[in-house]
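To start, the structure itself, in structure tokens.
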Amino acid sequence: MATNNEKHWDKTKGLLMVTLAIWAIFSMGIFLFGAQMNEVTGPFGYPLTYWFTCQGSLAIFVILIFWFANRQEKIDEEFGFSERGED
Amino acid sequence: MFRGNFIDNLPKIYGIYTGGFIAFIILMAIGEQMGMTKDAIGICFVGFTIFIYAAIGWLSRTAQASNYYVAGRQVPTVFNGMATAADWMSGASFVAMAGGIYFKGYGYMALLVGWTGGYVLVATLLAPYLRKFGCYTVPDFVGTRYNGNGARLMAVIVLTVASFTYVTAQITATGRIASVALNLEFEIAVYVGLASILLCSMLGGMRGVTWTQVAQYIVLIIAYLLPVFWISNNIGAGFFPHFMLADEVARIGELEEQFGFVKNSKEALATLPEWKKLAGITKAHSEVNATPWQFISLALAMMMGTASLPHVMMRYFTTPSVKAARKSVGWSVFFIFLLYSSAPMLATLSKLALIDPDLPTGIIGRSIAEVQALDWYQNWNQAKLMVVQDFDGDGILQLNELFMNGDAVVLATPEIAGLPYVISGLVAAGGLAAAMSTADGLILAIANAISHDVYYKMIDPRAETAKRLVVARVLLFVFGVAGASMAALQLTGILGAVIWAFDFAMSGLFWPLVLGIWWKRANKEGAIAGMALGLISGTAYLVYMETGGTAILGIVSNTFGILGSTVSLIAMVVVSLMTSKPDAATQKMVDNARVPAGASIISGQK
């Protein structure tokens with residue numbers, strides 16, 4: 001029987017894996033195909049790879065971290081580990 | 001006007017401050033119209049902002065250890081995000097990064113991805129857990145988790161090597177800006193820069209640095225964005241450059257094709273003056289001109305380095321709670337994103353303004369004599385940062401005959417694009433804010449680690465607070481002077497030294513920090529082996545590459561940390577498994593760190 005702490009840690013690890021997978025795709029994965037991707041026109045008319053390096057990936061990281069922080073807070077609450085007090 | 005405590009009034013205080021700074025810019029603009037000289041404007045901008053930072057430093061003075069080391073752990077998330085952004089964005093980001101992209105194109109845009117993506121690692125793997133530990137410094141965590149002074153000392157060594165490399169670059173940046181804005185010799189200007197850096201951190205420690213960094217962020221972001229928007233509107237490229245520069249990016253591609261990248265012969269290049277780091281435009285602006293591994297390895301090195309740099313990590317020790325630390329990482333990247341997403345736009349506008357013959361500011365295709373007579377050309381030529389050389393002797397400037405120091409791109413762009421001088425003054429103040437805020441964080445990280453971890457925890461555990469803080473301040477001064485003396489020697493450029501600092505940090509610290517939380521089996525012997533062998537192998541590889549070695553697996557000088565951290569990981573796992581597993585108390589401590597609620601692990605450090 002897993003304890004409360006173990007279950008909390010399992011869920012935390014699950015969230016970590018998902019977050020790191022998204023991170024790996026947009027920080028490294030897509031740039032494996034940098035040359036091909038740059039032939040495509042991306043948002044606002046920039047070449048796609050160029051756009052990812054100067055806006056796309058960066059914006060995704062910002063959103064990803066806020067999303068992660070909220071998910072983790074939910075997990076902490078679920079197992080009764082949330083901290084008192086405001087942020 | 002201000003009721004309640006200081007923290008509740010922060011939005012109001014910084015709101016008034018921002019308004020006051022904008023009023024100051026307008027005042028200077030009026031002054032320029034009324035005939036203030038360039039030198040006077042430069043001195044006013046630099047003097048006024050440094051005075052404000054010093055005043056904040058003075059007001060934040062403290063005699064309490066928890067204020068000095070972690071700003072009393074009461075910095076709200078958004079403000080900590082701003083302070084981290086200023087702490088993070090150094091002279092390299094502000095002064096040198098756009099210049100790097102300007103000359104190297106896609107290959108260096110990996111820095112943008114790396115220097116933001118690293119925060120995902122910070123938020124998920126480290127910051128919340130280290131905050132739960134309740135440490136004052138990064139070696140404090142290492143020493144507690146891998147119980148013993150051996151690991152603690154090793155962490156201090158890695159921290160000092162990485163941070164010192166980094167801080168030298170920042171003092172170089174302060175010196176470069178102060179020398180241009182105040183018309184001083186570079187060797188003297190670095191000490192002027194140092195004096196202003198110490199003013200912010202000596203009295204208030206982390207508390208003083210936190211509140212000056214917020215003020216510095218506001219200055220640097222205004223100083224970076226204003227010229228980008230202004231130039232974009234000026235040349236009719238669109239009122240919101242970030243969404244509207246596709247045509248300009250394409251136009252640069254056209255011009256590159258039209259001019260062609262002519263490779264200069266060795267003999268021709270030998271006729272250039274022997275100034276540091278002159279570069280010509282030889283790489284396509286928006287094409288993918290690096291191999292995937294070149295790009296990915298640089299991005300990866302910068303990301304792992306981000307997660308290992310102590311001056312960033314210690315900013316998250318100042319938040320009120322673990323969940324605040326997590327959110328605060330998000331705000332940090334948001335504030336960093338505002339500047340980073342603008343850097344390629346600045347590089348695009350700056351390059352176009354310079355090379356497009358259809359624009360009044362374009363100089364390619366004009367006669368050499370005409371260019372040499374330009375006011376701004378003479379300024380930057382005198383500062384030894386820009387030169388044109390007529391290789392083919394036809395009296396006309398070609399693309400391959402223009403050379404600039406990458407560090408000058410951001411600083412010189414307002415003048416090149418024909419903006420009023422007040423903007424140049426503003427940019428100088430912004431660059432100074434960026435370099436100073438990072439230098440403050442770094443010197444503090446070194447001095448705190450040595451005063452807290454070496455002096456207090458190892459040499460004299462019974463020292464009183466007052467004595468500890470005196471030691472901390474003396475160390476601050478010593479490392480500041482050492483950094484300035486190194487900077488005066490001008491051994492490396494700004495960007496190069498900063499990239500190396502990331503590599504040093506990741507070689508030694510990344511795996512010991514991460515595995516300390518995520519792998520219970522990691523023990524003291526493993527951590528010491530990981531830090532020592534990582535740092536040694538990384539450094540050895542750097543020396544090998546710099547003395548003319550051929551790259552192994554495509555790992556170059558700028559990415560030596562990939563080799564160092566891999567050695568570190570292997571050493572740490574192998575040695576940990578060969579030695580006994582950590583005792584029950586340590587295992588319990590790790591369990592405790594994984595739970596956000598409850599008291600800090602290191603007791604008595606609030």
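Quick note on naming: the chains in the structure tokens go A, B, ... in the order shown, residues restart at 1 in each chain, and ligands are numbered from 1 in order of appearance.
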
Exercise. Would you give me, as an MDAnalysis selection string, the residues of chain A that come within 6 Å of chain B, using only C-alpha atoms?
Key: chainID A and resid 28 32 35 44:46 54:55 62 65:66 69 81:83 87

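Distance check against A:Val18 using only C-alpha atoms: of A:Glu78, A:Glu6, A:Gln36, A:Phe68, the minimum falls on A:Phe68.
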
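Among B:Ile252, B:Ile562, B:Ile423, B:Met202, the residue with the shortest atom-to-atom distance to B:Glu32, counting only C-alpha atoms, is B:Ile423.
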
Q: Write out as a ChimeraX atom specification all residues of stretch 354-565 of chain B that DSSP puts in alpha helix (DSSP H) for this structure's backbone.
A: /B:354-355,368-372,375-382,408-416,421-448,465-488,494-518,524-546,560-565

Write out as JSON, numbers by chain which residues come within 12 Å of A:Lys11 when counting only C-alpha atoms, dropping same-chain ones fewer than 4 positions away. {"A": [4, 5, 6, 7, 15, 16, 17, 18, 71, 72, 73, 74, 75, 76, 78, 79], "B": [594]}

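Pairwise distance (atom CA of B:Met304, atom CA of B:Asn558) equals 13.2 Å.
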
One decimal place gives the atom CA of B:Ala373-atom CA of B:Gly493 separation as 28.3 Å

Between B:Val454, B:Leu130, B:Ile101, B:Met404, smallest distance to A:Tyr50 by only C-alpha atoms belongs to B:Ile101

Checklist entry - Leaving out B:Asn234 and any residue of its chain fewer than 6 positions from it, which residues lie within 12 Å of it when counting only C-alpha atoms, given as a ChimeraX atom specification? => result /B:226-228,240-241,349-350,353,359-361,414,417-420

May I have the residues from that selection written out with N, CA and C atoms, as a JSON list (two decimals), in the first residue's frame?
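File produced: result-v3.json:
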[["chain", "number", "residue", "atom", "x", "y", "z"],
["B", 226, "LEU", "N", 12.31, 51.09, -26.05],
["B", 226, "LEU", "CA", 12.04, 52.39, -26.68],
["B", 226, "LEU", "C", 12.73, 52.55, -28.04],
["B", 227, "PRO", "N", 14.04, 52.30, -28.13],
["B", 227, "PRO", "CA", 14.68, 52.44, -29.45],
["B", 227, "PRO", "C", 14.13, 51.48, -30.50],
["B", 228, "VAL", "N", 13.77, 50.25, -30.09],
["B", 228, "VAL", "CA", 13.25, 49.29, -31.06],
["B", 228, "VAL", "C", 11.96, 49.83, -31.68],
["B", 240, "PHE", "N", 4.31, 48.15, -34.43],
["B", 240, "PHE", "CA", 4.63, 47.12, -33.43],
["B", 240, "PHE", "C", 5.61, 46.12, -34.04],
["B", 241, "PRO", "N", 6.91, 46.40, -33.89],
["B", 241, "PRO", "CA", 7.92, 45.65, -34.66],
["B", 241, "PRO", "C", 7.83, 44.14, -34.53],
["B", 349, "LEU", "N", 16.46, 45.63, -37.33],
["B", 349, "LEU", "CA", 16.31, 47.05, -37.63],
["B", 349, "LEU", "C", 17.66, 47.73, -37.75],
["B", 350, "SER", "N", 18.56, 47.36, -36.83],
["B", 350, "SER", "CA", 19.87, 47.97, -36.82],
["B", 350, "SER", "C", 20.63, 47.66, -38.11],
["B", 353, "ALA", "N", 18.97, 49.43, -41.14],
["B", 353, "ALA", "CA", 19.27, 50.87, -41.14],
["B", 353, "ALA", "C", 20.68, 51.12, -41.68],
["B", 359, "LEU", "N", 17.54, 53.55, -47.57],
["B", 359, "LEU", "CA", 17.28, 54.33, -46.37],
["B", 359, "LEU", "C", 18.33, 55.43, -46.25],
["B", 360, "PRO", "N", 17.93, 56.59, -45.70],
["B", 360, "PRO", "CA", 18.90, 57.69, -45.58],
["B", 360, "PRO", "C", 20.08, 57.36, -44.68],
["B", 361, "THR", "N", 19.87, 56.36, -43.77],
["B", 361, "THR", "CA", 20.96, 56.03, -42.86],
["B", 361, "THR", "C", 21.90, 54.96, -43.42],
["B", 414, "PRO", "N", 21.13, 53.55, -31.82],
["B", 414, "PRO", "CA", 20.33, 54.78, -31.84],
["B", 414, "PRO", "C", 20.99, 55.89, -32.66],
["B", 417, "ALA", "N", 20.86, 55.03, -36.44],
["B", 417, "ALA", "CA", 19.54, 55.18, -37.01],
["B", 417, "ALA", "C", 19.04, 56.62, -36.92],
["B", 418, "GLY", "N", 19.89, 57.52, -36.43],
["B", 418, "GLY", "CA", 19.55, 58.93, -36.45],
["B", 418, "GLY", "C", 18.57, 59.36, -35.37],
["B", 419, "LEU", "N", 18.52, 58.63, -34.25],
["B", 419, "LEU", "CA", 17.66, 59.06, -33.16],
["B", 419, "LEU", "C", 18.37, 60.16, -32.37],
["B", 420, "PRO", "N", 17.59, 60.97, -31.63],
["B", 420, "PRO", "CA", 18.24, 62.01, -30.82],
["B", 420, "PRO", "C", 19.20, 61.40, -29.81]]

task: List the neighbours of B:Asp407 out to 12 Å using only C-alpha atoms; skip same-chain residues closer than 2 positions along the sequence, and give me the result as a count of residues only.
output: 42

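The gap separating atom CA of B:Met572 from atom CA of B:Ile528 is 7.8 Å, in Å to one decimal.
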
*Can you list, as a PyMOL selection string, every protein, DNA or RNA residue that comes within 10 Å of B:Leu220 when you count only C-alpha atoms, leaving out same-chain residues fewer than 2 positions away?*
chain B and resi 86+89+94+215-218+222-225+339+426-435

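With only C-alpha atoms as the atoms that count, the minimum distance from A:Ile63 to the choices A:Pro43, A:Leu48, A:Ile22, A:Phe33 is reached by A:Ile22.
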
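For the set B:Cys135, B:Ile43, B:Ile450, B:Val262, the residue with the smallest atom-to-atom gap to B:Phe317 is B:Cys135, counting only C-alpha atoms.
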